[in-house]
>>> print(open('model.cif').read())   # mmCIF, C-alpha atoms
data_target
#
loop_
_atom_site.label_atom_id
_atom_site.label_comp_id
_atom_site.auth_asym_id
_atom_site.auth_seq_id
_atom_site.Cartn_x
_atom_site.Cartn_y
_atom_site.Cartn_z
CA MET A 1 56.24 -51.32 70.15
CA PRO A 2 59.63 -50.92 71.66
CA PRO A 3 62.18 -53.58 70.76
CA SER A 4 62.66 -56.30 73.39
CA ARG A 5 65.88 -56.07 75.25
CA THR A 6 68.63 -58.56 74.49
CA LYS A 7 69.99 -60.58 77.26
CA THR A 8 73.48 -61.85 77.79
CA VAL A 9 73.43 -65.54 78.52
CA LYS A 10 76.30 -66.53 80.69
CA ASN A 11 75.90 -70.29 80.47
CA LYS A 12 74.15 -71.39 77.34
CA HIS A 13 74.20 -75.06 78.39
CA ALA A 14 72.21 -74.43 81.42
CA ALA A 15 68.86 -75.19 79.86
CA ASN A 16 66.71 -74.61 82.80
CA GLY A 17 68.11 -71.75 84.62
CA SER A 18 71.18 -71.64 86.66
CA GLY A 19 69.98 -74.28 89.03
CA ILE A 20 69.41 -71.86 91.76
CA SER A 21 65.73 -71.58 92.52
CA GLY A 22 64.43 -68.06 92.42
CA SER A 23 67.35 -66.82 90.37
CA LYS A 24 66.91 -64.23 87.58
CA ALA A 25 67.14 -66.84 84.80
CA THR A 26 64.48 -69.17 86.16
CA ARG A 27 62.01 -66.33 86.60
CA ALA A 28 62.45 -65.09 83.04
CA GLY A 29 60.17 -66.36 80.33
CA PRO A 30 61.22 -67.81 76.99
CA THR A 31 64.80 -67.24 76.05
CA ASP A 32 64.28 -66.83 72.30
CA GLY A 33 63.67 -63.14 72.73
CA ILE A 34 60.07 -63.25 71.56
CA VAL A 35 57.51 -62.32 74.08
CA LYS A 36 53.96 -63.32 73.24
CA ASN A 37 51.00 -61.57 74.57
CA LYS A 38 49.20 -63.55 77.06
CA LYS A 39 45.58 -63.95 76.11
CA GLY A 40 43.07 -63.66 78.82
CA PRO A 41 39.70 -65.37 78.77
CA PRO A 42 37.55 -64.19 75.75
CA PRO A 43 34.88 -61.58 76.62
CA SER A 44 31.44 -63.00 76.85
CA SER A 45 29.54 -61.91 73.71
CA LYS A 46 26.17 -62.96 74.94
CA PRO A 47 24.39 -60.58 77.26
CA SER A 48 24.10 -62.20 80.49
CA ASN A 49 20.75 -60.95 81.61
CA SER A 50 17.42 -59.70 80.23
CA LYS A 51 17.95 -56.20 81.58
CA ALA A 52 20.69 -55.54 79.03
CA ILE A 53 18.47 -56.80 76.15
CA ALA A 54 15.74 -54.43 77.17
CA ALA A 55 18.19 -51.55 77.27
CA ILE A 56 19.45 -52.30 73.75
CA LEU A 57 15.93 -52.61 72.40
CA LYS A 58 15.06 -49.28 73.97
CA LYS A 59 18.06 -47.72 72.32
CA ARG A 60 17.12 -49.07 68.90
CA ARG A 61 13.51 -47.96 69.07
CA LYS A 62 14.41 -44.30 69.53
CA LYS A 63 14.82 -42.87 66.01
CA THR A 64 16.83 -39.78 65.44
CA TYR A 65 15.63 -37.39 62.75
CA SER A 66 17.90 -35.29 60.63
CA GLU A 67 17.10 -31.64 60.07
CA LYS A 68 16.02 -32.26 56.52
CA GLU A 69 13.47 -34.89 57.56
CA LEU A 70 11.88 -32.60 60.11
CA ASP A 71 11.07 -29.94 57.49
CA ILE A 72 11.77 -27.09 59.86
CA PRO A 73 11.93 -23.65 58.26
CA LYS A 74 15.48 -22.47 58.15
CA LEU A 75 16.26 -19.40 60.15
CA ASN A 76 18.44 -16.51 59.15
CA MET A 77 19.26 -17.92 55.81
CA ILE A 78 18.84 -16.38 52.42
CA THR A 79 17.96 -18.72 49.61
CA PRO A 80 18.51 -17.02 46.27
CA VAL A 81 15.70 -17.38 43.76
CA GLY A 82 17.72 -19.33 41.27
CA VAL A 83 19.14 -21.76 43.79
CA GLU A 84 15.96 -23.36 45.07
CA LYS A 85 15.04 -26.10 42.70
CA PRO A 86 11.76 -27.96 42.75
CA LYS A 87 12.10 -31.67 43.36
CA GLY A 88 11.33 -34.14 40.64
CA LYS A 89 11.48 -31.58 37.86
CA LYS A 90 13.56 -31.90 34.76
CA LYS A 91 16.77 -29.94 34.73
CA GLY A 92 17.27 -27.22 32.12
CA LYS A 93 15.11 -24.90 30.03
CA VAL A 94 11.85 -25.86 28.35
CA PHE A 95 11.78 -24.48 24.83
CA VAL A 96 8.72 -23.44 22.90
CA ASP A 97 9.18 -24.08 19.24
CA ASP A 98 5.99 -25.64 17.88
CA ARG A 99 3.46 -23.45 16.14
CA GLU A 100 0.48 -24.36 18.34
CA SER A 101 2.02 -23.34 21.63
CA MET A 102 3.45 -20.19 20.03
CA ASN A 103 -0.01 -19.29 18.77
CA THR A 104 -1.51 -19.92 22.20
CA ILE A 105 1.01 -17.64 23.88
CA LEU A 106 0.50 -14.99 21.21
CA ALA A 107 -3.29 -15.12 21.59
CA MET A 108 -2.99 -14.74 25.36
CA VAL A 109 -0.59 -11.82 25.12
CA GLN A 110 -2.68 -10.12 22.46
CA ALA A 111 -5.88 -10.47 24.47
CA ASP A 112 -4.11 -8.83 27.41
CA LYS A 113 -2.86 -5.97 25.25
CA GLU A 114 -6.28 -5.49 23.62
CA GLY A 115 -7.88 -5.20 27.03
CA GLU A 116 -5.26 -2.72 28.13
CA ILE A 117 -5.72 -0.52 25.06
CA GLU A 118 -9.50 -0.79 25.30
CA SER A 119 -9.47 0.35 28.91
CA LYS A 120 -7.15 3.22 27.99
CA MET A 121 -9.52 4.30 25.22
CA ILE A 122 -12.55 4.11 27.50
CA LYS A 123 -10.75 6.13 30.14
CA ALA A 124 -9.68 8.73 27.56
CA ARG A 125 -13.25 8.98 26.27
CA GLN A 126 -14.61 9.44 29.78
CA MET A 127 -12.06 12.14 30.50
CA GLU A 128 -13.00 13.84 27.26
CA GLU A 129 -16.68 13.78 28.24
CA ILE A 130 -15.90 15.31 31.64
CA ARG A 131 -13.84 18.03 30.01
CA GLU A 132 -16.63 18.76 27.54
CA ALA A 133 -19.18 18.98 30.34
CA ARG A 134 -16.94 21.39 32.25
CA ARG A 135 -16.46 23.53 29.18
CA VAL A 136 -20.22 23.72 28.58
CA GLU A 137 -20.77 24.64 32.22
CA ALA A 138 -18.13 27.39 32.07
CA GLU A 139 -19.70 28.77 28.89
CA LYS A 140 -23.12 28.79 30.51
CA LYS A 141 -21.81 30.70 33.52
CA GLU A 142 -20.09 33.19 31.28
CA GLY A 143 -23.33 33.71 29.36
CA GLU A 144 -25.26 34.29 32.58
CA ARG A 145 -22.78 36.84 33.77
CA LYS A 146 -22.94 38.66 30.46
CA ALA A 147 -26.74 38.65 30.57
CA ALA A 148 -26.71 40.11 34.09
CA LEU A 149 -24.37 42.86 32.96
CA ASP A 150 -26.56 43.64 29.95
CA GLU A 151 -29.58 43.79 32.20
CA THR A 152 -27.86 46.29 34.46
CA LYS A 153 -26.88 48.36 31.47
CA ASP A 154 -30.42 48.34 30.13
CA SER A 155 -31.91 49.27 33.47
CA LEU A 156 -29.52 52.19 33.78
CA ARG A 157 -30.37 53.35 30.26
CA LYS A 158 -34.11 53.14 30.98
CA LYS A 159 -33.63 55.05 34.18
CA ARG A 160 -31.86 57.81 32.30
CA LYS A 161 -34.64 58.03 29.69
CA ARG A 162 -37.38 58.08 32.30
CA GLY A 163 -35.74 60.74 34.42
CA GLY A 164 -35.60 63.29 31.60
CA LYS A 165 -32.38 65.05 31.05
CA PRO A 166 -29.92 63.86 33.60
CA THR A 167 -27.56 66.27 35.22
CA ALA A 168 -24.01 66.33 34.08
CA ASN A 169 -22.90 64.68 37.28
CA GLU A 170 -25.35 61.79 36.87
CA ASP A 171 -24.32 61.28 33.28
CA LEU A 172 -20.71 61.00 34.35
CA ASP A 173 -21.73 58.54 36.99
CA VAL A 174 -23.49 56.30 34.47
CA LYS A 175 -20.52 56.48 32.16
CA ASP A 176 -18.26 55.47 35.03
CA THR A 177 -20.44 52.53 35.89
CA LEU A 178 -20.51 51.36 32.31
CA LEU A 179 -16.80 51.65 31.99
CA THR A 180 -15.76 50.05 35.24
CA GLY A 181 -18.77 47.77 35.67
CA SER A 182 -19.22 48.83 39.28
CA ASN A 183 -20.63 51.67 41.32
CA ALA A 184 -17.48 52.24 43.29
CA VAL A 185 -16.70 55.92 43.74
CA LYS A 186 -13.72 56.97 41.79
CA ALA A 187 -11.00 58.51 43.91
CA LYS A 188 -10.40 62.17 43.18
CA LYS A 189 -7.16 63.02 41.58
CA LYS A 190 -4.71 64.70 43.90
CA ARG A 191 -3.74 68.16 42.98
CA VAL A 192 -1.08 70.54 44.12
CA SER A 193 -1.66 74.23 43.69
CA PHE A 194 0.55 77.16 44.34
CA ALA A 195 -0.98 80.37 45.64
CA MET B 1 21.67 -20.57 19.23
CA ARG B 2 18.50 -21.88 20.84
CA PRO B 3 14.72 -21.43 20.66
CA LEU B 4 13.01 -19.19 23.21
CA THR B 5 11.63 -20.50 26.49
CA GLU B 6 7.97 -19.92 27.31
CA GLU B 7 8.75 -16.96 29.55
CA GLU B 8 10.96 -15.37 26.93
CA THR B 9 8.35 -15.91 24.22
CA LYS B 10 5.77 -14.12 26.35
CA THR B 11 8.08 -11.16 26.95
CA VAL B 12 8.96 -10.85 23.27
CA PHE B 13 5.34 -11.09 22.13
CA ALA B 14 4.19 -8.59 24.75
CA LYS B 15 6.71 -6.08 23.47
CA LEU B 16 5.80 -6.68 19.84
CA ALA B 17 2.08 -6.48 20.64
CA SER B 18 2.55 -3.04 22.19
CA ILE B 19 3.40 -1.73 18.72
CA CYS B 20 1.81 -4.23 16.36
CA GLY B 21 -1.88 -4.88 15.93
CA ASN B 22 -3.81 -8.05 15.18
CA SER B 23 -1.65 -8.83 12.18
CA LEU B 24 1.05 -9.98 14.59
CA LYS B 25 -0.11 -13.57 14.18
CA ASN B 26 0.95 -13.40 10.53
CA LEU B 27 4.47 -13.07 11.82
CA ILE B 28 4.67 -16.74 12.75
CA ALA B 29 2.22 -18.09 10.17
CA PRO B 30 3.58 -20.52 7.56
CA ILE B 31 4.66 -18.93 4.30
CA ASP B 32 2.29 -20.97 2.12
CA ASN B 33 -0.41 -23.61 2.52
CA SER B 34 1.65 -26.65 1.65
CA PRO B 35 2.09 -29.22 4.45
CA THR B 36 5.86 -28.82 4.49
CA ALA B 37 5.77 -25.04 4.33
CA ASP B 38 8.57 -23.05 5.84
CA ARG B 39 7.82 -20.62 8.66
CA TYR B 40 9.53 -17.94 10.65
CA VAL B 41 10.79 -18.70 14.16
CA PHE B 42 12.57 -16.87 16.96
CA ARG B 43 16.08 -17.84 17.99
CA VAL B 44 18.36 -16.59 20.74
CA GLN B 45 22.05 -16.29 20.02
CA LYS B 46 24.02 -14.94 22.99
CA ASP B 47 21.53 -12.33 24.20
CA ARG B 48 20.03 -11.25 20.86
CA VAL B 49 16.70 -12.45 19.59
CA TYR B 50 16.53 -13.18 15.87
CA TYR B 51 13.54 -13.62 13.61
CA VAL B 52 14.58 -16.18 11.06
CA LEU B 53 13.26 -18.78 8.64
CA LEU B 54 13.14 -22.24 10.18
CA SER B 55 15.09 -23.75 7.31
CA MET B 56 17.83 -21.17 7.76
CA ALA B 57 17.88 -21.69 11.52
CA ASN B 58 18.34 -25.41 10.93
CA LEU B 59 21.20 -24.75 8.54
CA ALA B 60 22.79 -22.40 11.05
CA THR B 61 23.15 -25.24 13.56
CA THR B 62 26.24 -26.26 11.57
CA VAL B 63 27.99 -23.12 12.80
CA SER B 64 29.29 -23.25 16.35
CA ARG B 65 27.91 -20.84 18.93
CA ASP B 66 31.11 -18.91 19.26
CA ASN B 67 31.48 -18.39 15.54
CA LEU B 68 27.87 -17.48 14.77
CA LEU B 69 27.54 -13.69 14.84
CA SER B 70 24.09 -13.09 13.40
CA LEU B 71 21.34 -14.69 11.37
CA GLY B 72 18.00 -13.51 10.00
CA THR B 73 16.62 -10.24 11.38
CA CYS B 74 17.71 -9.09 14.81
CA LEU B 75 14.62 -8.00 16.75
CA GLY B 76 16.33 -6.85 19.91
CA LYS B 77 18.08 -8.10 22.96
CA MET B 78 17.14 -9.80 26.20
CA THR B 79 18.45 -7.89 29.20
CA LYS B 80 19.92 -9.67 32.19
CA THR B 81 16.79 -8.80 34.19
CA GLY B 82 14.67 -10.74 31.71
CA LYS B 83 13.21 -7.78 29.83
CA PHE B 84 13.25 -7.42 26.09
CA LYS B 85 14.50 -4.32 24.32
CA LEU B 86 13.55 -3.73 20.69
CA HIS B 87 16.31 -2.58 18.36
CA ILE B 88 16.07 -0.35 15.30
CA THR B 89 16.84 -3.45 13.20
CA ALA B 90 13.29 -4.66 13.93
CA LEU B 91 11.82 -1.61 12.19
CA PRO B 92 10.91 -3.27 8.85
CA ILE B 93 8.83 -5.87 10.69
CA LEU B 94 7.23 -3.36 13.06
CA ALA B 95 6.40 -0.91 10.23
CA GLU B 96 4.62 -3.64 8.34
CA HIS B 97 2.40 -4.68 11.24
CA SER B 98 2.06 -1.44 13.22
CA ARG B 99 -1.25 -0.48 14.79
CA TYR B 100 -0.62 3.24 15.29
CA LYS B 101 1.42 5.42 12.96
CA ILE B 102 2.64 8.99 12.92
CA TRP B 103 3.91 10.87 9.89
CA ILE B 104 6.34 13.72 10.49
CA LYS B 105 7.00 16.73 8.29
CA PRO B 106 10.36 17.06 6.49
CA SER B 107 11.29 19.79 8.98
CA GLY B 108 10.95 17.28 11.82
CA GLU B 109 12.89 14.41 10.23
CA MET B 110 16.37 15.57 11.16
CA PRO B 111 15.62 16.33 14.82
CA PHE B 112 14.08 12.87 15.13
CA LEU B 113 16.93 11.08 13.33
CA TYR B 114 19.43 12.77 15.65
CA GLY B 115 17.69 11.22 18.64
CA GLY B 116 15.12 13.85 19.62
CA ASN B 117 11.52 13.35 20.64
CA ILE B 118 8.72 14.51 18.35
CA VAL B 119 7.05 17.84 19.08
CA LYS B 120 3.58 18.75 17.91
CA ALA B 121 4.86 21.28 15.39
CA HIS B 122 6.58 18.50 13.43
CA VAL B 123 3.58 16.21 13.15
CA GLY B 124 2.16 15.93 9.65
CA ARG B 125 -0.63 13.52 10.51
CA TRP B 126 -1.28 10.57 12.79
CA THR B 127 -3.71 7.74 13.42
CA GLU B 128 -6.97 8.86 14.98
CA ASP B 129 -7.90 7.62 18.47
CA THR B 130 -4.35 6.84 19.51
CA PRO B 131 -4.22 6.42 23.29
CA GLU B 132 -1.34 7.77 25.33
CA HIS B 133 1.70 5.69 26.34
CA THR B 134 1.31 3.22 23.53
CA GLY B 135 3.81 2.11 20.90
CA ILE B 136 3.81 3.99 17.61
CA VAL B 137 5.86 3.78 14.40
CA VAL B 138 7.23 7.01 12.95
CA PHE B 139 7.11 7.58 9.19
CA SER B 140 8.27 10.41 6.96
CA MET B 141 5.62 12.10 4.85
CA ASP B 142 6.55 9.86 1.89
CA ASP B 143 5.84 6.73 3.97
CA ARG B 144 9.40 5.74 4.80
CA PRO B 145 9.70 4.25 8.28
CA LEU B 146 12.16 6.27 10.39
CA GLY B 147 11.84 4.74 13.82
CA PHE B 148 9.44 4.03 16.64
CA GLY B 149 8.53 5.35 20.06
CA VAL B 150 5.80 5.77 22.66
CA THR B 151 3.02 8.37 22.54
CA ALA B 152 3.19 11.05 25.20
CA ARG B 153 -0.41 12.22 24.68
CA SER B 154 -3.54 10.85 23.16
CA THR B 155 -4.69 12.43 19.89
CA ALA B 156 -7.49 14.31 21.64
CA GLU B 157 -5.13 15.80 24.21
CA ALA B 158 -2.51 16.63 21.60
CA ARG B 159 -4.98 18.87 19.78
CA ARG B 160 -4.96 21.32 22.65
CA LEU B 161 -1.21 21.12 23.04
CA ALA B 162 1.23 23.97 22.29
CA PRO B 163 3.39 23.53 19.16
CA THR B 164 6.46 22.85 21.29
CA GLY B 165 4.74 20.18 23.38
CA MET B 166 5.99 16.60 23.02
CA VAL B 167 3.72 14.05 21.43
CA VAL B 168 6.02 11.04 20.97
CA PHE B 169 8.97 9.86 23.04
CA ARG B 170 11.64 8.31 20.83
CA GLN B 171 12.73 4.72 21.47
CA ALA B 172 14.71 3.97 18.33
CA ASP B 173 15.45 5.83 15.12
CA ALA B 174 17.26 5.06 11.88
CA GLY B 175 20.11 7.36 12.94
CA GLU B 176 21.22 4.61 15.35
CA TYR B 177 22.68 2.70 12.42
CA LEU B 178 25.38 5.37 12.41
CA ARG B 179 25.43 6.49 16.03
CA ASP B 180 25.49 2.98 17.55
CA GLU B 181 27.38 1.29 14.75
CA ASP B 182 29.87 -0.27 17.14
CA SER B 183 27.45 -1.73 19.66
CA LEU B 184 24.44 -2.51 17.47
CA PHE B 185 25.73 -5.76 15.99
CA SER B 186 28.35 -6.91 18.43
CA SER B 187 26.84 -8.93 21.22
CA GLY B 188 29.63 -8.96 23.70
#
>>> encode(input="model.cif", output="structure tokens")
Amino acid sequence: MPPSRTKTVKNKHAANGSGISGSKATRAGPTDGIVKNKKGPPPSSKPSNSKAIAAILKKRRKKTYSEKELDIPKLNMITPVGVEKPKGKKKGKVFVDDRESMNTILAMVQADKEGEIESKMIKARQMEEIREARRVEAEKKEGERKAALDETKDSLRKKRKRGGKPTANEDLDVKDTLLTGSNAVKAKKKRVSFA
Amino acid sequence: MRPLTEEETKTVFAKLASICGNSLKNLIAPIDNSPTADRYVFRVQKDRVYYVLLSMANLATTVSRDNLLSLGTCLGKMTKTGKFKLHITALPILAEHSRYKIWIKPSGEMPFLYGGNIVKAHVGRWTEDTPEHTGIVVFSMDDRPLGFGVTARSTAEARRLAPTGMVVFRQADAGEYLRDEDSLFSSG
């Protein structure tokens, strides 16, 4: 508030102005230099009509919800695993130190491990059985092939006996077949001769 | 120093059960039948898990956390991802309760103690019906525990294996007492 201006009083005995109506001194307020605020009529606190009451009531009835109360899923926000804390739960770690609970945990873990090992063993046994079956099958096939070869050999031998003395060429042929196991004609060796 | 939480207890037991058999429950059984019998408990100090007598653990509470370096037998350490890693210091306990064992020939002792895996040529004998990828304790032929690892093959498969084929992957061996001398006991 700016300080009120001081006035020079020319005639301090003139209590009520200078005697001239409408002069500067008569128009001025109190001469002690303090100017008091003039109070107007107090504002009416009571609402004057029922329309205003209705408006206020309407305003009060409308409740505003905060974001937390609405339980809306938060968008574009990452909540780290450790940060989210369940409500109403005790803070801090829960220790396991009594024998009973330790035994319970141990029994559970051991049952799990047993099952795991058991399933591994069963699987290994099954694989072993499959391998054994395959081996037997391969052996059987090998045996059959050998038998077929023997049969061919025998038949060729019989043929030779039945046909009397085979020619030298035939004999060579049989020998070839026995050696190579097939009747494919052997390619003749290339020769170079000079006249 | 504090006891283990439920989650930690599960992790530790799961790891121990992969090597130990049914006798694992004797690990936490009371020492005798008296009502006030002492028993072994697990304690975590920094990130190491210790297997220690309850009475000793109670006494150790008089030492502040910062000043307590070690107590009882160190089984291994909890990693920051919540897994548990067994240390060679747990070998006496594992050897006593192991389910599967492998004995290696004197020629194979040195390669194993220097951190190598075990090849078939070095195997003296091993437990029958051992499945693959399961924990196993390694012994020398005169029954001294040397370390532990995980089987690479089952016994049946290993029979058909070449002499240079691997049968056990090493996890820890007694050579670590020298090789990892600096980091084995300091938990910093």
>>> residues_around(input="model.cif", residues="Gly76 in chain B", least_positions_apart="6", cutoff="7 Å", atoms="only C-alpha atoms", output="ChimeraX atom specification")
/B:48-49,84-87
>>> closest_residue(input="model.cif", among="B:Ala172, B:Gly115, B:Tyr100, B:Asp129", to="chain A", atoms="all atoms listed in the file")
B:Asp129
>>> interface_residues(input="model.cif", of="chain A", to="chain B", cutoff="8 Å", atoms="all atoms listed in the file", output="JSON, numbers by chain")
{"A": [93, 94, 95, 96, 97, 99, 102, 103, 105, 106, 109, 110, 113, 117, 120, 121, 124, 128]}
>>> atom_distance(input="model.cif", atom1="CA of Val138 in chain B", atom2="CA of Leu69 in chain B")
29.1 Å
>>> axis_aligned_box(input="model.cif", around="range 43-60 of chain B", padding_each_side="3 Å", output="JSON")
{"center_x": 18.6, "center_y": -18.3, "center_z": 15.8, "size_x": 16.9, "size_y": 20.2, "size_z": 22.9}
>>> atom_distance(input="model.cif", atom1="CA of Met166 in chain B", atom2="CA of His122 in chain B")
9.8 Å
>>> closest_residue(input="model.cif", among="B:Ser34, B:Ser98, B:Gln45, B:Thr127", to="Arg65 in chain B", atoms="all atoms listed in the file")
B:Gln45
>>> resolve_selection(input="model.cif", expression="the PyMOL selection byres ((chain B and resi 186) around 12)", output="PyMOL selection string")
chain B and resi 45-48+68-70+74+77+180-185+187-188
>>> atom_distance(input="model.cif", atom1="CA of Arg125 in chain B", atom2="CA of Pro92 in chain B")
20.4 Å
>>> decode(input="model.cif", residues="range 51-104 of chain A", atoms="C-alpha atoms", output="PDB file, in the first residue's frame")
ATOM      1  CA  LYS A  51     -32.559 -22.300  -7.906  1.00  0.00           C
ATOM      2  CA  ALA A  52     -29.129 -21.698  -6.401  1.00  0.00           C
ATOM      3  CA  ILE A  53     -29.693 -24.421  -3.745  1.00  0.00           C
ATOM      4  CA  ALA A  54     -30.548 -26.909  -6.426  1.00  0.00           C
ATOM      5  CA  ALA A  55     -27.424 -25.997  -8.358  1.00  0.00           C
ATOM      6  CA  ILE A  56     -25.212 -26.526  -5.300  1.00  0.00           C
ATOM      7  CA  LEU A  57     -26.843 -29.843  -4.503  1.00  0.00           C
ATOM      8  CA  LYS A  58     -26.289 -30.953  -8.078  1.00  0.00           C
ATOM      9  CA  LYS A  59     -22.655 -30.016  -7.809  1.00  0.00           C
ATOM     10  CA  ARG A  60     -22.197 -31.986  -4.597  1.00  0.00           C
ATOM     11  CA  ARG A  61     -23.872 -35.125  -5.877  1.00  0.00           C
ATOM     12  CA  LYS A  62     -21.448 -35.528  -8.767  1.00  0.00           C
ATOM     13  CA  LYS A  63     -18.488 -37.519  -7.384  1.00  0.00           C
ATOM     14  CA  THR A  64     -15.159 -37.374  -9.055  1.00  0.00           C
ATOM     15  CA  TYR A  65     -13.079 -40.545  -9.090  1.00  0.00           C
ATOM     16  CA  SER A  66      -9.340 -40.619  -8.962  1.00  0.00           C
ATOM     17  CA  GLU A  67      -7.417 -42.864 -11.326  1.00  0.00           C
ATOM     18  CA  LYS A  68      -6.555 -45.278  -8.569  1.00  0.00           C
ATOM     19  CA  GLU A  69     -10.204 -45.778  -7.612  1.00  0.00           C
ATOM     20  CA  LEU A  70     -11.224 -46.569 -11.164  1.00  0.00           C
ATOM     21  CA  ASP A  71      -8.787 -49.499 -11.402  1.00  0.00           C
ATOM     22  CA  ILE A  72      -7.971 -48.800 -15.021  1.00  0.00           C
ATOM     23  CA  PRO A  73      -5.035 -50.748 -16.424  1.00  0.00           C
ATOM     24  CA  LYS A  74      -2.104 -48.466 -16.863  1.00  0.00           C
ATOM     25  CA  LEU A  75      -0.911 -47.961 -20.388  1.00  0.00           C
ATOM     26  CA  ASN A  76       2.641 -47.832 -21.607  1.00  0.00           C
ATOM     27  CA  MET A  77       4.109 -48.370 -18.233  1.00  0.00           C
ATOM     28  CA  ILE A  78       6.549 -50.979 -17.098  1.00  0.00           C
ATOM     29  CA  THR A  79       6.156 -52.226 -13.577  1.00  0.00           C
ATOM     30  CA  PRO A  80       9.263 -54.115 -12.499  1.00  0.00           C
ATOM     31  CA  VAL A  81       8.653 -57.448 -10.815  1.00  0.00           C
ATOM     32  CA  GLY A  82      10.097 -56.422  -7.500  1.00  0.00           C
ATOM     33  CA  VAL A  83       8.230 -53.142  -7.295  1.00  0.00           C
ATOM     34  CA  GLU A  84       4.662 -54.389  -7.313  1.00  0.00           C
ATOM     35  CA  LYS A  85       3.771 -55.300  -3.795  1.00  0.00           C
ATOM     36  CA  PRO A  86       0.637 -57.156  -2.791  1.00  0.00           C
ATOM     37  CA  LYS A  87      -1.621 -55.219  -0.468  1.00  0.00           C
ATOM     38  CA  GLY A  88      -2.070 -56.294   3.098  1.00  0.00           C
ATOM     39  CA  LYS A  89       0.983 -58.527   3.130  1.00  0.00           C
ATOM     40  CA  LYS A  90       3.736 -58.357   5.667  1.00  0.00           C
ATOM     41  CA  LYS A  91       6.869 -56.582   4.568  1.00  0.00           C
ATOM     42  CA  GLY A  92      10.144 -58.510   4.400  1.00  0.00           C
ATOM     43  CA  LYS A  93      11.269 -62.106   3.920  1.00  0.00           C
ATOM     44  CA  VAL A  94       9.595 -65.147   5.442  1.00  0.00           C
ATOM     45  CA  PHE A  95      12.224 -67.489   6.810  1.00  0.00           C
ATOM     46  CA  VAL A  96      11.963 -71.246   7.062  1.00  0.00           C
ATOM     47  CA  ASP A  97      13.826 -72.504  10.053  1.00  0.00           C
ATOM     48  CA  ASP A  98      11.678 -75.103  11.804  1.00  0.00           C
ATOM     49  CA  ARG A  99      12.307 -78.766  11.139  1.00  0.00           C
ATOM     50  CA  GLU A 100       8.772 -79.642  10.026  1.00  0.00           C
ATOM     51  CA  SER A 101       8.559 -77.153   7.199  1.00  0.00           C
ATOM     52  CA  MET A 102      12.116 -77.996   6.123  1.00  0.00           C
ATOM     53  CA  ASN A 103      11.170 -81.668   5.989  1.00  0.00           C
ATOM     54  CA  THR A 104       8.046 -80.867   3.973  1.00  0.00           C
TER      55      THR A 104
END
